[in-house]
Amino acid sequence: MNTVFIAGHARLPSGMAAKSIYETLTITAEIDQKYGVIVAANCTLATEHGKSFIQHLLRGYSLQDGIEKPVDEIKARYLGKAGNALASALKDLYKQYKSYKQIDE
């Protein structure tokens, strides 16, 4: 297996369906170890449609290229209340990825 599993977390805004289930929003990603490409992703949004949208949005990005482009994509294309939390969770995931790469090197 050439992948690692990394999670990023952020606080959810009040008034969201997912807030009644989770205190935080989590984005998880399976990442190719060699190239940093997101092979699969998931999140703790309340609807399957939202989860699927984030999965499709993030799949294929290489974290070796930084996190700005996928964060910008989320801000531009996800127009729900959780947009800022998704961007923050993705930044946290990237921080975890960078920590992992420092250990790995």
# chains A, B, ... in the order shown; residues from 1 in each chain; ligands from 1
call {"tool": "residues_around", "arguments": {"residues": "A:Ala89", "least_positions_apart": "5", "cutoff": "9 Å", "atoms": "only C-alpha atoms", "output": "PDB file with N, CA and C atoms, in the first residue's frame"}}
result
ATOM      1  N   ALA A   7      -6.118  13.308   8.484  1.00  0.00           N
ATOM      2  CA  ALA A   7      -7.351  14.038   8.791  1.00  0.00           C
ATOM      3  C   ALA A   7      -7.033  15.474   9.186  1.00  0.00           C
ATOM      4  N   GLY A   8      -7.943  16.366   8.831  1.00  0.00           N
ATOM      5  CA  GLY A   8      -7.877  17.762   9.244  1.00  0.00           C
ATOM      6  C   GLY A   8      -9.196  18.137   9.884  1.00  0.00           C
ATOM      7  N   HIS A   9      -9.157  19.029  10.876  1.00  0.00           N
ATOM      8  CA  HIS A   9     -10.350  19.363  11.653  1.00  0.00           C
ATOM      9  C   HIS A   9     -10.556  20.873  11.737  1.00  0.00           C
ATOM     10  N   ALA A  10     -11.817  21.272  11.886  1.00  0.00           N
ATOM     11  CA  ALA A  10     -12.167  22.677  12.083  1.00  0.00           C
ATOM     12  C   ALA A  10     -13.521  22.743  12.794  1.00  0.00           C
ATOM     13  N   ARG A  11     -13.774  23.837  13.482  1.00  0.00           N
ATOM     14  CA  ARG A  11     -15.062  24.045  14.154  1.00  0.00           C
ATOM     15  C   ARG A  11     -16.160  24.336  13.135  1.00  0.00           C
ATOM     16  N   LEU A  25     -15.861  19.774  12.104  1.00  0.00           N
ATOM     17  CA  LEU A  25     -15.907  19.217  10.762  1.00  0.00           C
ATOM     18  C   LEU A  25     -14.554  18.551  10.514  1.00  0.00           C
ATOM     19  N   THR A  26     -14.579  17.387   9.945  1.00  0.00           N
ATOM     20  CA  THR A  26     -13.353  16.655   9.641  1.00  0.00           C
ATOM     21  C   THR A  26     -13.303  16.357   8.148  1.00  0.00           C
ATOM     22  N   ILE A  27     -12.147  16.602   7.563  1.00  0.00           N
ATOM     23  CA  ILE A  27     -11.871  16.142   6.200  1.00  0.00           C
ATOM     24  C   ILE A  27     -10.799  15.077   6.325  1.00  0.00           C
ATOM     25  N   ASN A  84     -16.203  28.007   5.167  1.00  0.00           N
ATOM     26  CA  ASN A  84     -15.005  28.414   5.907  1.00  0.00           C
ATOM     27  C   ASN A  84     -14.449  27.272   6.739  1.00  0.00           C
ATOM     28  N   TYR A  94      -3.498  19.782   5.515  1.00  0.00           N
ATOM     29  CA  TYR A  94      -2.218  20.081   4.866  1.00  0.00           C
ATOM     30  C   TYR A  94      -1.105  20.224   5.902  1.00  0.00           C
TER      31      TYR A  94
END
call {"tool": "residues_around", "arguments": {"residues": "stretch 50-60 of chain A", "least_positions_apart": "6", "cutoff": "9 Å", "atoms": "only C-alpha atoms", "output": "MDAnalysis selection string"}}
result
chainID A and resid 27 29 37:44 70 73:74 77:78 86
call {"tool": "write_last_selection", "arguments": {"atoms": "N, CA, C and O atoms", "output": "compact mmCIF listing (two decimals), in the first residue's frame"}}
result
# COMPACT_ATOMS: atom_id res chain seq x y z
N ILE A 27 -12.15 16.60 7.56
CA ILE A 27 -11.87 16.14 6.20
C ILE A 27 -10.80 15.08 6.32
O ILE A 27 -9.77 15.30 6.97
N ALA A 29 -8.38 12.25 4.11
CA ALA A 29 -7.88 12.01 2.76
C ALA A 29 -6.91 10.84 2.77
O ALA A 29 -6.11 10.69 3.69
N VAL A 37 -0.60 12.99 -3.96
CA VAL A 37 -1.89 13.15 -4.63
C VAL A 37 -3.02 12.60 -3.75
O VAL A 37 -2.90 11.51 -3.19
N ILE A 38 -4.10 13.37 -3.65
CA ILE A 38 -5.28 12.91 -2.92
C ILE A 38 -5.99 11.87 -3.78
O ILE A 38 -6.50 12.18 -4.85
N VAL A 39 -5.97 10.63 -3.30
CA VAL A 39 -6.58 9.51 -4.01
C VAL A 39 -8.07 9.45 -3.70
O VAL A 39 -8.89 9.18 -4.58
N ALA A 40 -8.43 9.70 -2.45
CA ALA A 40 -9.82 9.69 -2.01
C ALA A 40 -9.94 10.66 -0.84
O ALA A 40 -8.97 10.88 -0.11
N ALA A 41 -11.13 11.24 -0.69
CA ALA A 41 -11.37 12.17 0.41
C ALA A 41 -12.79 12.00 0.90
O ALA A 41 -13.66 11.52 0.16
N ASN A 42 -13.02 12.39 2.15
CA ASN A 42 -14.35 12.36 2.72
C ASN A 42 -14.43 13.46 3.76
O ASN A 42 -13.40 14.05 4.13
N CYS A 43 -15.62 13.75 4.22
CA CYS A 43 -15.79 14.77 5.25
C CYS A 43 -17.05 14.47 6.05
O CYS A 43 -17.85 13.61 5.67
N THR A 44 -17.22 15.18 7.15
CA THR A 44 -18.35 14.93 8.03
C THR A 44 -19.51 15.89 7.79
O THR A 44 -20.24 16.24 8.72
N PRO A 70 -6.74 24.04 -3.95
CA PRO A 70 -7.95 23.37 -3.47
C PRO A 70 -8.75 24.21 -2.48
O PRO A 70 -9.99 24.16 -2.47
N GLU A 73 -10.71 26.54 -4.55
CA GLU A 73 -11.81 25.81 -5.20
C GLU A 73 -12.99 25.63 -4.24
O GLU A 73 -14.14 25.81 -4.62
N ILE A 74 -12.68 25.28 -3.00
CA ILE A 74 -13.75 25.13 -2.00
C ILE A 74 -14.46 26.46 -1.80
O ILE A 74 -15.69 26.54 -1.81
N ARG A 77 -16.59 27.22 -5.00
CA ARG A 77 -17.60 26.30 -5.48
C ARG A 77 -18.52 25.73 -4.42
O ARG A 77 -19.60 25.24 -4.73
N TYR A 78 -18.10 25.76 -3.15
CA TYR A 78 -18.98 25.30 -2.07
C TYR A 78 -19.58 26.54 -1.41
O TYR A 78 -18.87 27.30 -0.75
N LEU A 86 -14.73 24.08 6.01
CA LEU A 86 -14.09 23.16 5.07
C LEU A 86 -12.70 23.65 4.70
O LEU A 86 -11.74 22.87 4.68
call {"tool": "residues_around", "arguments": {"residues": "A:Lys34", "least_positions_apart": "6", "cutoff": "12 Å", "atoms": "only C-alpha atoms", "output": "MDAnalysis selection string"}}
result
chainID A and resid 1:4 62:64 101 104:105
call {"tool": "select_by_dssp", "arguments": {"residues": "stretch 30-68 of chain A", "states": "alpha helix (DSSP H)", "output": "VMD selection string"}}
result
chain A and resid 48 to 58 68
call {"tool": "write_last_selection", "arguments": {"atoms": "all heavy atoms", "output": "compact mmCIF listing (two decimals), in the first residue's frame"}}
result
# COMPACT_ATOMS: atom_id res chain seq x y z
N GLU A 48 -25.01 13.14 2.05
CA GLU A 48 -24.17 12.35 1.16
C GLU A 48 -23.76 13.17 -0.07
O GLU A 48 -22.66 13.03 -0.57
CB GLU A 48 -24.88 11.07 0.73
CG GLU A 48 -25.01 10.04 1.83
CD GLU A 48 -23.67 9.62 2.40
OE1 GLU A 48 -22.70 9.40 1.63
OE2 GLU A 48 -23.57 9.52 3.64
N HIS A 49 -24.65 14.03 -0.52
CA HIS A 49 -24.35 14.86 -1.68
C HIS A 49 -23.18 15.80 -1.38
O HIS A 49 -22.27 15.97 -2.19
CB HIS A 49 -25.60 15.66 -2.08
CG HIS A 49 -25.49 16.28 -3.42
ND1 HIS A 49 -26.34 17.26 -3.85
CD2 HIS A 49 -24.63 16.09 -4.45
CE1 HIS A 49 -26.01 17.64 -5.06
NE2 HIS A 49 -24.97 16.93 -5.45
N GLY A 50 -23.19 16.41 -0.19
CA GLY A 50 -22.09 17.29 0.22
C GLY A 50 -20.78 16.53 0.32
O GLY A 50 -19.73 16.99 -0.14
N LYS A 51 -20.83 15.35 0.91
CA LYS A 51 -19.63 14.51 1.04
C LYS A 51 -19.07 14.15 -0.33
O LYS A 51 -17.87 14.21 -0.57
CB LYS A 51 -19.95 13.25 1.83
CG LYS A 51 -20.27 13.50 3.28
CD LYS A 51 -20.70 12.20 3.95
CE LYS A 51 -21.15 12.46 5.37
NZ LYS A 51 -21.55 11.23 6.06
N SER A 52 -19.97 13.76 -1.23
CA SER A 52 -19.57 13.39 -2.58
C SER A 52 -18.97 14.59 -3.32
O SER A 52 -17.97 14.44 -4.04
CB SER A 52 -20.79 12.85 -3.34
OG SER A 52 -20.45 12.55 -4.66
N PHE A 53 -19.55 15.76 -3.15
CA PHE A 53 -19.04 16.96 -3.80
C PHE A 53 -17.61 17.25 -3.37
O PHE A 53 -16.73 17.52 -4.20
CB PHE A 53 -19.95 18.15 -3.48
CG PHE A 53 -19.55 19.42 -4.18
CD1 PHE A 53 -19.92 19.63 -5.49
CD2 PHE A 53 -18.80 20.38 -3.53
CE1 PHE A 53 -19.54 20.80 -6.16
CE2 PHE A 53 -18.43 21.56 -4.17
CZ PHE A 53 -18.80 21.76 -5.49
N ILE A 54 -17.35 17.17 -2.07
CA ILE A 54 -16.00 17.43 -1.55
C ILE A 54 -15.04 16.36 -2.06
O ILE A 54 -13.90 16.66 -2.44
CB ILE A 54 -16.01 17.51 -0.01
CG1 ILE A 54 -16.85 18.71 0.45
CG2 ILE A 54 -14.59 17.59 0.55
CD1 ILE A 54 -16.42 20.06 -0.11
N GLN A 55 -15.48 15.12 -2.09
CA GLN A 55 -14.65 14.02 -2.62
C GLN A 55 -14.21 14.32 -4.05
O GLN A 55 -13.03 14.26 -4.37
CB GLN A 55 -15.44 12.71 -2.57
CG GLN A 55 -14.97 11.64 -3.53
CD GLN A 55 -13.92 10.70 -2.97
OE1 GLN A 55 -13.42 10.89 -1.88
NE2 GLN A 55 -13.58 9.71 -3.74
N HIS A 56 -15.15 14.70 -4.90
CA HIS A 56 -14.84 14.98 -6.30
C HIS A 56 -13.98 16.24 -6.45
O HIS A 56 -13.11 16.30 -7.33
CB HIS A 56 -16.12 15.11 -7.13
CG HIS A 56 -16.86 13.82 -7.26
ND1 HIS A 56 -16.38 12.73 -7.95
CD2 HIS A 56 -18.06 13.44 -6.77
CE1 HIS A 56 -17.24 11.74 -7.88
NE2 HIS A 56 -18.27 12.14 -7.16
N LEU A 57 -14.22 17.21 -5.60
CA LEU A 57 -13.47 18.46 -5.67
C LEU A 57 -12.00 18.26 -5.32
O LEU A 57 -11.12 18.86 -5.94
CB LEU A 57 -14.11 19.48 -4.71
CG LEU A 57 -13.68 20.92 -4.84
CD1 LEU A 57 -14.21 21.51 -6.14
CD2 LEU A 57 -14.21 21.72 -3.67
N LEU A 58 -11.71 17.41 -4.33
CA LEU A 58 -10.34 17.26 -3.83
C LEU A 58 -9.53 16.19 -4.54
O LEU A 58 -8.29 16.27 -4.58
CB LEU A 58 -10.36 16.98 -2.33
CG LEU A 58 -10.94 18.08 -1.45
CD1 LEU A 58 -10.93 17.66 0.01
CD2 LEU A 58 -10.16 19.39 -1.64
N GLU A 68 -3.21 26.05 -1.61
CA GLU A 68 -3.96 27.24 -2.01
C GLU A 68 -5.04 26.94 -3.06
O GLU A 68 -6.17 27.40 -2.93
CB GLU A 68 -3.03 28.33 -2.54
CG GLU A 68 -2.08 28.89 -1.51
CD GLU A 68 -0.87 27.99 -1.22
OE1 GLU A 68 -0.55 27.11 -2.06
OE2 GLU A 68 -0.28 28.14 -0.14
call {"tool": "closest_residue", "arguments": {"among": "A:Gly80, A:Ala46, A:Ala85, A:Leu90", "to": "A:Gly66", "atoms": "only C-alpha atoms"}}
result
A:Leu90
call {"tool": "select_by_dssp", "arguments": {"residues": "chain A", "states": "strand (DSSP E)", "output": "MDAnalysis selection string"}}
result
chainID A and resid 3:11 24:32 38:43
